[in-house]
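Shown below: protein_4.cif, with mmCIF, C-alpha atoms.
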data_my_file
loop_
_atom_site.label_atom_id
_atom_site.label_comp_id
_atom_site.auth_asym_id
_atom_site.auth_seq_id
_atom_site.Cartn_x
_atom_site.Cartn_y
_atom_site.Cartn_z
CA MET O 656 22.61 64.73 -9.35
CA ALA O 657 25.90 63.17 -8.27
CA GLU O 658 25.99 60.95 -11.34
CA LYS O 659 25.61 63.97 -13.61
CA LEU O 660 28.23 65.87 -11.66
CA TYR O 661 30.80 63.09 -12.15
CA ASP O 662 29.58 61.54 -15.40
CA ASN O 663 32.71 62.62 -17.28
CA LEU O 664 35.05 60.76 -14.90
CA THR O 665 36.26 57.20 -15.35
CA GLU O 666 35.97 54.79 -12.42
CA ASP O 667 39.68 55.17 -11.68
CA GLN O 668 39.25 58.93 -11.58
CA LEU O 669 36.25 58.55 -9.30
CA TRP O 670 38.30 56.47 -6.87
CA SER O 671 41.06 59.03 -6.93
CA GLU O 672 38.57 61.81 -6.25
CA TYR O 673 36.92 59.84 -3.47
CA SER O 674 40.27 59.05 -1.82
CA GLU O 675 40.94 62.79 -1.58
CA THR O 676 37.49 64.18 -0.79
CA ARG O 677 35.41 61.35 0.74
CA ASP O 678 32.50 62.94 -1.07
CA PRO O 679 29.37 60.98 0.01
CA ARG O 680 27.90 61.56 -3.44
CA ILE O 681 30.70 59.48 -4.97
CA ARG O 682 30.25 56.84 -2.29
CA ASP O 683 26.59 56.60 -3.27
CA ILE O 684 27.59 56.06 -6.89
CA PHE O 685 29.79 53.12 -5.86
CA VAL O 686 27.09 51.67 -3.59
CA LYS O 687 24.56 51.75 -6.43
CA GLN O 688 27.04 50.34 -8.94
CA TYR O 689 28.18 47.43 -6.79
CA ALA O 690 24.94 46.59 -4.96
CA PRO O 691 24.33 43.60 -7.30
CA LEU O 692 27.67 42.20 -6.13
CA VAL O 693 26.26 41.85 -2.61
CA LYS O 694 23.38 39.70 -3.86
CA TYR O 695 25.80 37.63 -5.93
CA VAL O 696 28.03 36.87 -2.93
CA ALA O 697 25.04 36.26 -0.64
CA GLY O 698 23.67 33.83 -3.21
CA LYS O 699 26.88 31.83 -3.18
CA VAL O 700 27.02 31.80 0.61
CA ALA O 701 23.35 30.74 0.84
CA ILE O 702 24.08 27.44 -0.92
CA GLY O 703 24.42 24.77 1.71
CA MET O 704 23.06 26.93 4.52
CA PRO O 705 20.22 25.56 6.69
CA HIS O 706 16.70 26.82 6.04
CA ASN O 707 16.72 29.05 9.12
CA VAL O 708 19.31 31.32 7.45
CA GLU O 709 17.40 33.82 5.32
CA PHE O 710 18.83 35.08 2.03
CA ASP O 711 17.68 38.65 2.79
CA ASP O 712 19.61 38.53 6.07
CA LEU O 713 22.76 37.49 4.21
CA VAL O 714 22.27 40.42 1.82
CA GLY O 715 21.88 42.78 4.78
CA PHE O 716 25.09 41.50 6.36
CA GLY O 717 26.88 41.83 3.02
CA VAL O 718 25.87 45.48 2.58
CA PHE O 719 28.01 46.35 5.59
CA GLY O 720 30.91 44.60 3.88
CA LEU O 721 30.38 46.69 0.76
CA PHE O 722 30.41 49.91 2.78
CA ASP O 723 33.59 48.75 4.50
CA ALA O 724 35.21 47.89 1.17
CA ILE O 725 34.41 51.32 -0.28
CA GLU O 726 35.89 53.08 2.75
CA LYS O 727 39.08 50.99 2.88
CA TYR O 728 39.81 50.39 -0.79
CA ASP O 729 43.15 51.75 -1.96
CA PRO O 730 43.35 52.05 -5.77
CA ASP O 731 47.11 52.47 -5.53
CA LYS O 732 47.38 48.76 -4.65
CA HIS O 733 46.37 47.95 -8.26
CA VAL O 734 43.80 45.38 -7.12
CA LYS O 735 40.40 45.48 -8.81
CA PHE O 736 37.71 46.82 -6.50
CA LYS O 737 35.40 43.93 -7.35
CA THR O 738 38.01 41.43 -6.17
CA TYR O 739 38.60 43.38 -2.97
CA ALA O 740 34.89 43.93 -2.33
CA VAL O 741 33.96 40.25 -2.73
CA THR O 742 36.38 39.37 0.07
CA ARG O 743 35.03 42.12 2.33
CA ILE O 744 31.39 41.27 1.62
CA ARG O 745 31.90 37.58 2.19
CA GLY O 746 33.86 38.27 5.36
CA ALA O 747 31.12 40.55 6.73
CA ILE O 748 28.49 37.89 6.12
CA PHE O 749 30.42 35.21 7.97
CA ASP O 750 31.41 37.54 10.78
CA GLU O 751 27.72 38.11 11.43
CA LEU O 752 26.86 34.42 11.08
CA ARG O 753 29.54 33.64 13.66
CA SER O 754 28.13 36.25 16.03
CA ILE O 755 24.63 34.72 15.93
CA ASP O 756 26.06 31.17 16.17
CA TRP O 757 23.78 29.74 13.46
CA VAL O 758 25.33 26.25 13.63
CA PRO O 759 23.75 23.91 16.24
CA ARG O 760 26.15 23.14 19.10
CA SER O 761 25.95 19.39 18.51
CA VAL O 762 26.91 19.77 14.85
CA ARG O 763 29.77 22.12 15.70
CA GLN O 764 31.07 19.59 18.24
CA LYS O 765 31.00 16.80 15.65
CA ALA O 766 32.89 19.03 13.22
CA ARG O 767 35.57 19.66 15.86
CA GLU O 768 35.89 15.92 16.51
CA VAL O 769 36.41 15.18 12.81
CA GLU O 770 38.87 18.07 12.47
CA GLU O 771 40.90 16.82 15.43
CA ALA O 772 40.92 13.28 14.05
CA VAL O 773 42.17 14.57 10.70
CA ARG O 774 44.84 16.66 12.43
CA LYS O 775 46.21 13.77 14.50
CA LEU O 776 46.09 11.30 11.63
CA GLU O 777 47.74 13.50 9.03
CA THR O 778 50.39 14.66 11.49
CA SER O 779 51.19 11.01 12.13
CA ILE O 780 51.26 9.74 8.54
CA GLY O 781 52.65 12.93 6.96
CA ARG O 782 50.18 13.09 4.07
CA ALA O 783 46.52 13.64 3.26
CA ALA O 784 44.45 10.89 4.89
CA THR O 785 41.94 8.86 2.90
CA ASP O 786 38.28 8.55 3.86
CA ARG O 787 38.85 5.00 5.11
CA GLU O 788 41.74 6.13 7.28
CA ILE O 789 39.69 8.96 8.75
CA ASP O 790 36.63 6.83 9.48
CA GLY O 791 38.96 4.28 11.07
CA GLU O 792 40.39 6.99 13.32
CA LEU O 793 36.82 7.93 14.27
CA ASN O 794 35.82 4.27 14.81
CA MET O 795 32.91 4.43 12.40
CA SER O 796 31.97 2.81 9.10
CA LEU O 797 32.60 4.54 5.79
CA ASP O 798 28.84 4.98 5.34
CA GLU O 799 28.53 6.59 8.78
CA PHE O 800 31.44 8.87 7.98
CA GLN O 801 29.89 9.97 4.66
CA LYS O 802 26.58 10.76 6.39
CA LEU O 803 28.43 12.72 9.07
CA MET O 804 30.23 14.77 6.41
CA VAL O 805 26.88 15.70 4.86
CA LYS O 806 25.59 16.73 8.28
CA ILE O 807 28.51 19.02 9.08
CA SER O 808 29.12 20.34 5.57
CA GLY O 809 27.20 23.52 6.32
CA THR O 810 29.80 24.49 8.91
CA SER O 811 32.50 24.79 6.26
CA VAL O 812 30.76 26.70 3.48
CA LEU O 813 32.76 29.75 4.38
CA SER O 814 35.26 32.25 3.15
CA LEU O 815 39.00 31.84 3.25
CA ASN O 816 38.99 34.57 5.90
CA ASP O 817 37.58 31.99 8.31
CA VAL O 818 40.11 29.37 7.33
CA TRP O 819 42.89 31.74 8.28
CA TYR O 820 41.77 32.38 11.88
CA THR O 821 44.70 31.65 14.19
CA GLY O 822 43.32 32.40 17.62
CA GLU O 823 40.71 34.74 19.03
CA ASP O 824 38.43 36.67 16.68
CA SER O 825 40.84 39.61 16.77
CA ASP O 826 43.83 37.41 15.88
CA LYS O 827 43.56 36.41 12.24
CA VAL O 828 45.43 36.34 8.98
CA SER O 829 43.27 36.88 5.91
CA ILE O 830 43.55 37.51 2.21
CA VAL O 831 42.21 41.00 2.88
CA GLU O 832 45.17 41.79 5.13
CA SER O 833 47.59 40.54 2.50
CA ILE O 834 46.17 43.18 0.16
CA GLU O 835 46.29 46.00 2.69
CA SER O 836 49.30 48.16 3.35
CA PRO O 837 52.17 46.34 5.08
CA GLN O 838 53.22 49.65 6.62
CA SER O 839 50.37 49.21 9.10
CA LEU O 840 51.98 46.06 10.52
CA ASN O 841 55.00 45.77 12.77
CA PRO O 842 57.90 43.54 11.58
CA ASP O 843 57.08 40.66 13.95
CA THR O 844 53.47 40.57 12.79
CA ILE O 845 54.51 40.64 9.14
CA VAL O 846 56.85 37.69 9.64
CA GLU O 847 54.17 35.68 11.45
CA LYS O 848 51.52 36.37 8.83
CA GLU O 849 53.87 35.51 5.96
CA GLU O 850 54.76 32.23 7.65
CA ILE O 851 51.09 31.30 8.01
CA LYS O 852 50.48 32.16 4.36
CA ARG O 853 53.39 29.91 3.39
CA VAL O 854 51.98 27.01 5.40
CA ILE O 855 48.50 27.48 3.90
CA ILE O 856 49.91 27.48 0.37
CA GLU O 857 51.85 24.29 1.12
CA ALA O 858 48.75 22.72 2.67
CA ILE O 859 46.68 23.50 -0.44
CA HIS O 860 49.34 21.90 -2.65
CA GLU O 861 49.22 18.77 -0.46
CA LEU O 862 45.44 18.36 -0.79
CA PRO O 863 44.08 15.48 -2.88
CA ASP O 864 43.51 16.64 -6.46
CA LYS O 865 39.70 16.72 -6.29
CA GLU O 866 39.66 18.76 -3.06
CA LYS O 867 42.19 21.18 -4.53
CA LYS O 868 40.07 21.61 -7.66
CA VAL O 869 36.97 22.28 -5.56
CA LEU O 870 38.73 25.08 -3.65
CA VAL O 871 40.07 26.65 -6.84
CA LEU O 872 36.73 26.50 -8.63
CA TYR O 873 34.77 27.76 -5.61
CA TYR O 874 37.01 30.54 -4.33
CA TYR O 875 38.88 31.67 -7.44
CA GLU O 876 36.59 30.77 -10.35
CA ASP O 877 33.47 31.81 -8.38
CA LEU O 878 31.49 28.69 -9.32
CA THR O 879 28.70 27.42 -7.10
CA LEU O 880 28.85 23.92 -5.59
CA LYS O 881 26.23 22.80 -8.12
CA GLU O 882 28.28 24.20 -11.02
CA ILE O 883 31.44 22.52 -9.69
CA GLY O 884 29.54 19.23 -9.54
CA LYS O 885 28.79 19.52 -13.25
CA VAL O 886 32.44 20.31 -14.05
CA LEU O 887 33.73 17.32 -12.06
CA ASP O 888 30.77 15.11 -13.00
CA VAL O 889 29.72 14.32 -9.42
CA THR O 890 26.73 15.29 -7.27
CA GLU O 891 26.46 18.61 -5.44
CA SER O 892 26.40 16.66 -2.18
CA ARG O 893 29.75 15.07 -3.04
CA ILE O 894 31.24 18.48 -3.85
CA SER O 895 30.04 19.74 -0.47
CA GLN O 896 31.80 16.82 1.22
CA LEU O 897 35.03 17.45 -0.69
CA HIS O 898 34.89 21.12 0.25
CA THR O 899 34.33 20.26 3.92
CA LYS O 900 37.28 17.87 4.02
CA ALA O 901 39.56 20.38 2.29
CA ILE O 902 38.68 23.09 4.83
CA MET O 903 39.23 20.69 7.73
CA ARG O 904 42.67 19.73 6.43
CA LEU O 905 43.63 23.40 6.18
CA ARG O 906 42.35 24.11 9.68
CA ALA O 907 44.27 21.11 10.96
CA LYS O 908 47.45 22.65 9.57
CA LEU O 909 46.74 25.92 11.38
CA THR O 910 46.03 24.04 14.60
CA ASN O 911 49.44 22.40 14.30
CA ILE O 912 51.01 25.85 13.94
CA LYS O 913 49.40 26.98 17.19
CA LYS O 914 50.53 23.78 18.91
CA GLY O 915 54.06 24.20 17.56
CA ILE O 916 53.96 20.85 15.75
CA MET O 917 55.04 22.11 12.32
#
Go through the file and emit its structure as C-alpha coordinates.
Amino acid sequence: MAEKLYDNLTEDQLWSEYSETRDPRIRDIFVKQYAPLVKYVAGKVAIGMPHNVEFDDLVGFGVFGLFDAIEKYDPDKHVKFKTYAVTRIRGAIFDELRSIDWVPRSVRQKAREVEEAVRKLETSIGRAATDREIDGELNMSLDEFQKLMVKISGTSVLSLNDVWYTGEDSDKVSIVESIESPQSLNPDTIVEKEEIKRVIIEAIHELPDKEKKVLVLYYYEDLTLKEIGKVLDVTESRISQLHTKAIMRLRAKLTNIKKGIM
(Lines of atoms letter the chains of each structure in order from A and count residues from 1; the text may use other names and numbers.)
(Lines give C-alpha, C1' and ligand atoms only; values in the text may rest on other atoms or scores of the structure.)
Protein backbone atom coordinates (compact mmCIF):
# COMPACT_ATOMS: atom_id res chain seq x y z
CA MET A 1 0.00 0.00 0.00
CA ALA A 2 2.82 2.36 0.93
CA GLU A 3 4.66 1.63 -2.30
CA LYS A 4 1.58 2.54 -4.33
CA LEU A 5 1.04 5.66 -2.27
CA TYR A 6 4.56 6.91 -2.98
CA ASP A 7 5.25 5.26 -6.33
CA ASN A 8 5.38 8.60 -8.15
CA LEU A 9 8.19 9.95 -5.93
CA THR A 10 11.89 9.65 -6.67
CA GLU A 11 14.19 8.35 -3.92
CA ASP A 12 15.38 11.89 -3.19
CA GLN A 13 11.78 12.99 -2.80
CA LEU A 14 11.10 10.04 -0.53
CA TRP A 15 13.99 11.03 1.72
CA SER A 16 12.75 14.58 1.83
CA GLU A 17 9.26 13.39 2.74
CA TYR A 18 10.61 11.03 5.37
CA SER A 19 12.79 13.75 6.93
CA GLU A 20 9.66 15.85 7.45
CA THR A 21 7.06 13.22 8.37
CA ARG A 22 8.94 10.16 9.70
CA ASP A 23 6.19 8.16 8.04
CA PRO A 24 6.81 4.49 8.99
CA ARG A 25 5.44 3.44 5.61
CA ILE A 26 8.35 5.22 3.90
CA ARG A 27 10.78 3.69 6.38
CA ASP A 28 9.46 0.26 5.41
CA ILE A 29 10.10 1.05 1.75
CA PHE A 30 13.73 1.87 2.54
CA VAL A 31 14.15 -1.23 4.71
CA LYS A 32 12.86 -3.46 1.91
CA GLN A 33 14.95 -1.69 -0.73
CA TYR A 34 18.22 -1.85 1.19
CA ALA A 35 17.83 -5.20 2.98
CA PRO A 36 20.15 -6.90 0.43
CA LEU A 37 22.85 -4.42 1.46
CA VAL A 38 22.86 -5.93 4.95
CA LYS A 39 23.59 -9.40 3.56
CA TYR A 40 26.29 -7.96 1.32
CA VAL A 41 28.10 -6.28 4.23
CA ALA A 42 27.62 -9.32 6.49
CA GLY A 43 29.12 -11.49 3.76
CA LYS A 44 32.23 -9.34 3.61
CA VAL A 45 32.59 -9.32 7.39
CA ALA A 46 32.11 -13.10 7.57
CA ILE A 47 35.29 -13.71 5.56
CA GLY A 48 38.06 -14.52 7.97
CA MET A 49 35.75 -14.98 10.95
CA PRO A 50 36.02 -18.17 13.03
CA HIS A 51 33.41 -20.88 12.51
CA ASN A 52 31.61 -20.05 15.75
CA VAL A 53 30.45 -16.73 14.24
CA GLU A 54 27.24 -17.44 12.32
CA PHE A 55 26.42 -15.55 9.12
CA ASP A 56 22.76 -15.20 10.16
CA ASP A 57 23.87 -13.55 13.40
CA LEU A 58 25.95 -11.03 11.44
CA VAL A 59 22.90 -10.26 9.29
CA GLY A 60 20.81 -9.75 12.42
CA PHE A 61 23.37 -7.35 13.88
CA GLY A 62 23.54 -5.50 10.56
CA VAL A 63 19.77 -4.96 10.40
CA PHE A 64 20.05 -2.72 13.46
CA GLY A 65 22.67 -0.72 11.59
CA LEU A 66 20.33 -0.30 8.64
CA PHE A 67 17.54 0.96 10.90
CA ASP A 68 20.00 3.37 12.51
CA ALA A 69 21.19 4.59 9.11
CA ILE A 70 17.63 5.26 7.93
CA GLU A 71 16.84 7.25 11.07
CA LYS A 72 20.02 9.34 11.02
CA TYR A 73 20.60 9.86 7.30
CA ASP A 74 20.60 13.49 6.21
CA PRO A 75 20.13 13.87 2.43
CA ASP A 76 21.27 17.49 2.68
CA LYS A 77 24.83 16.23 3.27
CA HIS A 78 24.90 15.07 -0.38
CA VAL A 79 26.31 11.66 0.58
CA LYS A 80 24.74 8.62 -1.08
CA PHE A 81 22.61 6.64 1.35
CA LYS A 82 24.26 3.38 0.31
CA THR A 83 27.68 4.75 1.27
CA TYR A 84 26.36 6.00 4.60
CA ALA A 85 24.43 2.81 5.31
CA VAL A 86 27.39 0.49 4.65
CA THR A 87 29.37 2.29 7.35
CA ARG A 88 26.48 2.10 9.82
CA ILE A 89 25.75 -1.55 9.08
CA ARG A 90 29.37 -2.57 9.36
CA GLY A 91 29.75 -0.57 12.56
CA ALA A 92 26.67 -2.20 14.12
CA ILE A 93 28.01 -5.67 13.33
CA PHE A 94 31.37 -5.00 14.96
CA ASP A 95 29.84 -3.23 17.93
CA GLU A 96 27.89 -6.40 18.64
CA LEU A 97 30.89 -8.66 18.03
CA ARG A 98 32.86 -6.57 20.52
CA SER A 99 30.10 -6.87 23.09
CA ILE A 100 30.08 -10.69 22.90
CA ASP A 101 33.92 -10.80 22.86
CA TRP A 102 34.12 -13.40 20.07
CA VAL A 103 37.93 -13.37 19.95
CA PRO A 104 39.64 -15.81 22.40
CA ARG A 105 41.51 -13.99 25.17
CA SER A 106 44.82 -15.65 24.30
CA VAL A 107 44.58 -14.54 20.67
CA ARG A 108 43.63 -11.00 21.68
CA GLN A 109 46.66 -10.88 24.00
CA LYS A 110 48.98 -11.98 21.21
CA ALA A 111 47.52 -9.30 18.94
CA ARG A 112 48.21 -6.66 21.60
CA GLU A 113 51.81 -7.88 21.96
CA VAL A 114 52.41 -7.61 18.21
CA GLU A 115 50.73 -4.19 18.07
CA GLU A 116 52.90 -2.89 20.91
CA ALA A 117 56.04 -4.25 19.26
CA VAL A 118 55.12 -2.52 16.01
CA ARG A 119 54.40 0.72 17.87
CA LYS A 120 57.74 0.78 19.70
CA LEU A 121 59.74 -0.25 16.66
CA GLU A 122 58.20 2.20 14.21
CA THR A 123 58.37 5.04 16.74
CA SER A 124 62.08 4.30 17.09
CA ILE A 125 63.00 3.93 13.41
CA GLY A 126 60.53 6.51 12.07
CA ARG A 127 59.19 4.39 9.22
CA ALA A 128 57.16 1.27 8.49
CA ALA A 129 58.97 -1.76 9.92
CA THR A 130 59.68 -4.83 7.80
CA ASP A 131 58.57 -8.33 8.77
CA ARG A 132 62.13 -9.25 9.73
CA GLU A 133 62.42 -6.20 11.96
CA ILE A 134 59.11 -6.98 13.66
CA ASP A 135 59.89 -10.66 14.25
CA GLY A 136 63.27 -9.57 15.62
CA GLU A 137 61.53 -7.24 18.06
CA LEU A 138 59.31 -10.15 19.11
CA ASN A 139 62.30 -12.54 19.38
CA MET A 140 60.82 -15.10 17.01
CA SER A 141 61.68 -16.52 13.60
CA LEU A 142 60.11 -15.18 10.43
CA ASP A 143 58.17 -18.44 10.04
CA GLU A 144 56.83 -18.17 13.60
CA PHE A 145 55.84 -14.57 12.95
CA GLN A 146 53.98 -15.47 9.74
CA LYS A 147 52.07 -18.23 11.55
CA LEU A 148 51.20 -15.82 14.35
CA MET A 149 49.86 -13.29 11.85
CA VAL A 150 47.56 -15.96 10.40
CA LYS A 151 46.35 -16.81 13.90
CA ILE A 152 45.48 -13.24 14.85
CA SER A 153 44.26 -12.07 11.44
CA GLY A 154 40.64 -12.58 12.45
CA THR A 155 40.99 -9.87 15.09
CA SER A 156 41.59 -7.21 12.44
CA VAL A 157 38.95 -7.98 9.83
CA LEU A 158 37.02 -4.95 10.94
CA SER A 159 35.65 -1.64 9.88
CA LEU A 160 37.53 1.63 9.92
CA ASN A 161 35.22 2.64 12.77
CA ASP A 162 37.19 0.26 14.99
CA VAL A 163 40.52 1.57 13.79
CA TRP A 164 39.54 5.04 14.89
CA TYR A 165 38.77 4.18 18.54
CA THR A 166 40.77 6.52 20.77
CA GLY A 167 39.79 5.48 24.26
CA GLU A 168 36.71 3.99 25.86
CA ASP A 169 33.86 2.72 23.69
CA SER A 170 32.15 6.10 23.98
CA ASP A 171 35.29 7.98 22.90
CA LYS A 172 35.83 7.42 19.19
CA VAL A 173 36.40 9.19 15.92
CA SER A 174 34.82 7.49 12.93
CA ILE A 175 34.08 8.08 9.28
CA VAL A 176 30.41 8.23 10.22
CA GLU A 177 31.03 11.20 12.50
CA SER A 178 32.95 12.99 9.77
CA ILE A 179 29.80 12.79 7.65
CA GLU A 180 27.45 13.97 10.39
CA SER A 181 26.73 17.57 11.18
CA PRO A 182 29.67 19.44 12.75
CA GLN A 183 27.17 21.68 14.52
CA SER A 184 26.62 18.84 16.99
CA LEU A 185 30.24 19.02 18.15
CA ASN A 186 31.88 21.63 20.34
CA PRO A 187 34.98 23.43 18.97
CA ASP A 188 37.46 21.47 21.12
CA THR A 189 36.01 18.15 19.98
CA ILE A 190 36.10 19.22 16.34
CA VAL A 191 39.77 20.18 16.60
CA GLU A 192 40.67 16.88 18.27
CA LYS A 193 38.79 14.79 15.73
CA GLU A 194 40.30 16.66 12.79
CA GLU A 195 43.78 16.13 14.21
CA ILE A 196 43.19 12.38 14.53
CA LYS A 197 41.89 12.25 10.96
CA ARG A 198 45.04 14.04 9.79
CA VAL A 199 47.28 11.55 11.59
CA ILE A 200 45.35 8.59 10.16
CA ILE A 201 45.66 9.96 6.63
CA GLU A 202 49.40 10.44 7.12
CA ALA A 203 49.71 6.94 8.57
CA ILE A 204 47.95 5.43 5.55
CA HIS A 205 50.30 7.28 3.20
CA GLU A 206 53.27 5.87 5.14
CA LEU A 207 52.12 2.25 4.81
CA PRO A 208 54.06 -0.10 2.52
CA ASP A 209 52.51 -0.08 -0.95
CA LYS A 210 50.92 -3.53 -0.74
CA GLU A 211 49.29 -2.83 2.63
CA LYS A 212 47.98 0.48 1.33
CA LYS A 213 46.51 -1.22 -1.74
CA VAL A 214 44.81 -3.84 0.43
CA LEU A 215 43.09 -1.15 2.53
CA VAL A 216 41.96 0.77 -0.54
CA LEU A 217 40.63 -2.32 -2.31
CA TYR A 218 38.92 -3.68 0.81
CA TYR A 219 37.36 -0.54 2.28
CA TYR A 220 36.85 1.69 -0.75
CA GLU A 221 36.54 -0.70 -3.70
CA ASP A 222 34.50 -3.19 -1.63
CA LEU A 223 36.49 -6.22 -2.79
CA THR A 224 36.69 -9.34 -0.65
CA LEU A 225 40.06 -10.63 0.59
CA LYS A 226 39.86 -13.42 -2.00
CA GLU A 227 39.19 -10.92 -4.80
CA ILE A 228 42.08 -8.73 -3.63
CA GLY A 229 44.34 -11.78 -3.72
CA LYS A 230 43.50 -12.27 -7.38
CA VAL A 231 44.18 -8.59 -8.15
CA LEU A 232 47.57 -8.64 -6.40
CA ASP A 233 48.35 -12.22 -7.48
CA VAL A 234 48.90 -13.57 -3.97
CA THR A 235 46.98 -15.98 -1.73
CA GLU A 236 43.98 -14.94 0.35
CA SER A 237 45.98 -15.85 3.46
CA ARG A 238 48.70 -13.40 2.45
CA ILE A 239 46.12 -10.65 1.89
CA SER A 240 44.73 -11.32 5.37
CA GLN A 241 48.23 -10.92 6.81
CA LEU A 242 48.80 -7.65 4.93
CA HIS A 243 45.46 -6.34 6.15
CA THR A 244 46.29 -7.28 9.75
CA LYS A 245 49.67 -5.53 9.64
CA ALA A 246 48.15 -2.41 8.08
CA ILE A 247 45.51 -2.19 10.83
CA MET A 248 48.13 -2.71 13.54
CA ARG A 249 50.29 0.09 12.14
CA LEU A 250 47.30 2.44 12.17
CA ARG A 251 46.39 1.47 15.72
CA ALA A 252 50.00 2.01 16.75
CA LYS A 253 49.76 5.57 15.46
CA LEU A 254 46.62 6.18 17.52
CA THR A 255 48.29 4.71 20.59
CA ASN A 256 51.12 7.18 20.14
CA ILE A 257 48.57 10.00 20.02
CA LYS A 258 47.13 8.90 23.36
CA LYS A 259 50.64 8.63 24.83
CA GLY A 260 51.57 12.06 23.48
CA ILE A 261 54.46 10.67 21.42
CA MET A 262 53.48 12.25 18.10
Which is closer to Lys881 in chain O than all the others in O:Ser796, O:Ser754, O:Asn663, O:Ser895, using all atoms listed in the file?
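Comparing O:Ser796, O:Ser754, O:Asn663, O:Ser895 against Lys881 in chain O, the winner is O:Ser895.
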Length of the CA of Val734 in chain O to CA of Gln688 in chain O vector [Å]:
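Straight-line distance from CA of Val734 in chain O to CA of Gln688 in chain O works out to 17.6 Å.
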Please enumerate the residues selected by the PyMOL selection byres ((chain O and resi 908) around 9) when evaluated against the supplied file, formatted as a PyMOL selection string.
chain O and resi 774+778+854-855+858+903-907+909-913+917
Nearest-residue call for Val718 in chain O, choices O:Arg767, O:Arg745, O:Lys699, O:Lys732, using all atoms listed in the file:
O:Arg745
What does the distance between CA of Lys885 in chain O and CA of Lys737 in chain O come to in Å, to one decimal place?
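According to the coordinates, CA of Lys885 in chain O and CA of Lys737 in chain O are separated by 26.0 Å.
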Give as a PyMOL selection string the residues that the PyMOL selection byres ((chain O and resi 775) around 12) matches when applied to the coordinates above.
chain O and resi 768-774+776-784+788-789+792-793+903-904+907-908+910-911+914+916
Please report the interatomic distance between CA of Glu726 in chain O and CA of Tyr689 in chain O in Å with one decimal.
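Pair CA of Glu726 in chain O / CA of Tyr689 in chain O returns 13.5 Å.
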Written as a list in words, which residues does the PyMOL selection byres ((chain O and resi 892) around 12) give for the file shown?
Ile702, Gly703, Gln801, Lys802, Met804, Val805, Lys806, Ile807, Ser808, Gly809, Leu880, Lys881, Glu882, Ile883, Gly884, Lys885, Asp888, Val889, Thr890, Glu891, Arg893, Ile894, Ser895, Gln896, Leu897, His898 and Thr899 of chain O
Take the residues from that selection and write them out as a PDB file, keeping the file's coordinate frame, keeping C-alpha atoms.
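Dumped to part_26.pdb:
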ATOM      1  CA  ILE O 702      24.080  27.440  -0.920  1.00  0.00           C
ATOM      2  CA  GLY O 703      24.420  24.770   1.710  1.00  0.00           C
ATOM      3  CA  GLN O 801      29.890   9.970   4.660  1.00  0.00           C
ATOM      4  CA  LYS O 802      26.580  10.760   6.390  1.00  0.00           C
ATOM      5  CA  MET O 804      30.230  14.770   6.410  1.00  0.00           C
ATOM      6  CA  VAL O 805      26.880  15.700   4.860  1.00  0.00           C
ATOM      7  CA  LYS O 806      25.590  16.730   8.280  1.00  0.00           C
ATOM      8  CA  ILE O 807      28.510  19.020   9.080  1.00  0.00           C
ATOM      9  CA  SER O 808      29.120  20.340   5.570  1.00  0.00           C
ATOM     10  CA  GLY O 809      27.200  23.520   6.320  1.00  0.00           C
ATOM     11  CA  LEU O 880      28.850  23.920  -5.590  1.00  0.00           C
ATOM     12  CA  LYS O 881      26.230  22.800  -8.120  1.00  0.00           C
ATOM     13  CA  GLU O 882      28.280  24.200 -11.020  1.00  0.00           C
ATOM     14  CA  ILE O 883      31.440  22.520  -9.690  1.00  0.00           C
ATOM     15  CA  GLY O 884      29.540  19.230  -9.540  1.00  0.00           C
ATOM     16  CA  LYS O 885      28.790  19.520 -13.250  1.00  0.00           C
ATOM     17  CA  ASP O 888      30.770  15.110 -13.000  1.00  0.00           C
ATOM     18  CA  VAL O 889      29.720  14.320  -9.420  1.00  0.00           C
ATOM     19  CA  THR O 890      26.730  15.290  -7.270  1.00  0.00           C
ATOM     20  CA  GLU O 891      26.460  18.610  -5.440  1.00  0.00           C
ATOM     21  CA  ARG O 893      29.750  15.070  -3.040  1.00  0.00           C
ATOM     22  CA  ILE O 894      31.240  18.480  -3.850  1.00  0.00           C
ATOM     23  CA  SER O 895      30.040  19.740  -0.470  1.00  0.00           C
ATOM     24  CA  GLN O 896      31.800  16.820   1.220  1.00  0.00           C
ATOM     25  CA  LEU O 897      35.030  17.450  -0.690  1.00  0.00           C
ATOM     26  CA  HIS O 898      34.890  21.120   0.250  1.00  0.00           C
ATOM     27  CA  THR O 899      34.330  20.260   3.920  1.00  0.00           C
TER      28      THR O 899
END
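Using all atoms listed in the file, the nearest neighbour of Ser674 in chain O within the list O:Ile744, O:Leu803, O:Ile725, O:Ala701 is O:Ile725.
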Could you write out as AutoDock Vina command-line options the box around range 728-736 of chain O (axis-aligned, all atoms listed in the file, 6 Å on each side), with centre and edge lengths in Å to one decimal?
--center_x 42.5 --center_y 48.9 --center_z -4.8 --size_x 21.7 --size_y 19.1 --size_z 20.0
If you count all atoms listed in the file, which residues fall within 10 Å of range 675-679 of chain O, apart from same-chain ones fewer than 5 positions away, as a ChimeraX atom specification?
/O:657,669-670,684-685,726
How close does range 715-780 of chain O get to range 692-696 of chain O? List, as a tab-separated table, each residue of range 715-780 of chain O within 10 Å, its nearest atom pair and the distance in Å to one decimal, counting all atoms listed in the file.
residue	atom	partner	partner_atom	distance
O:Gly715	CA	O:Val693	CA	8.6
O:Phe716	CA	O:Val693	CA	9.1
O:Gly717	CA	O:Val693	CA	5.7
O:Val718	CA	O:Val693	CA	6.3
O:Phe719	CA	O:Val693	CA	9.5
O:Gly720	CA	O:Val693	CA	8.4
O:Leu721	CA	O:Val693	CA	7.2
O:Lys737	CA	O:Leu692	CA	8.0
O:Ala740	CA	O:Leu692	CA	8.3
O:Val741	CA	O:Val696	CA	6.8
O:Thr742	CA	O:Val696	CA	9.2
O:Ile744	CA	O:Val693	CA	6.7
O:Arg745	CA	O:Val696	CA	6.5
O:Ile748	CA	O:Val696	CA	9.1
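In terms of minimum interatomic distance to Pro730 in chain O, O:Tyr673 ranks closest within O:Tyr673, O:Tyr874, O:Phe800, O:Phe749, counting all atoms listed in the file.
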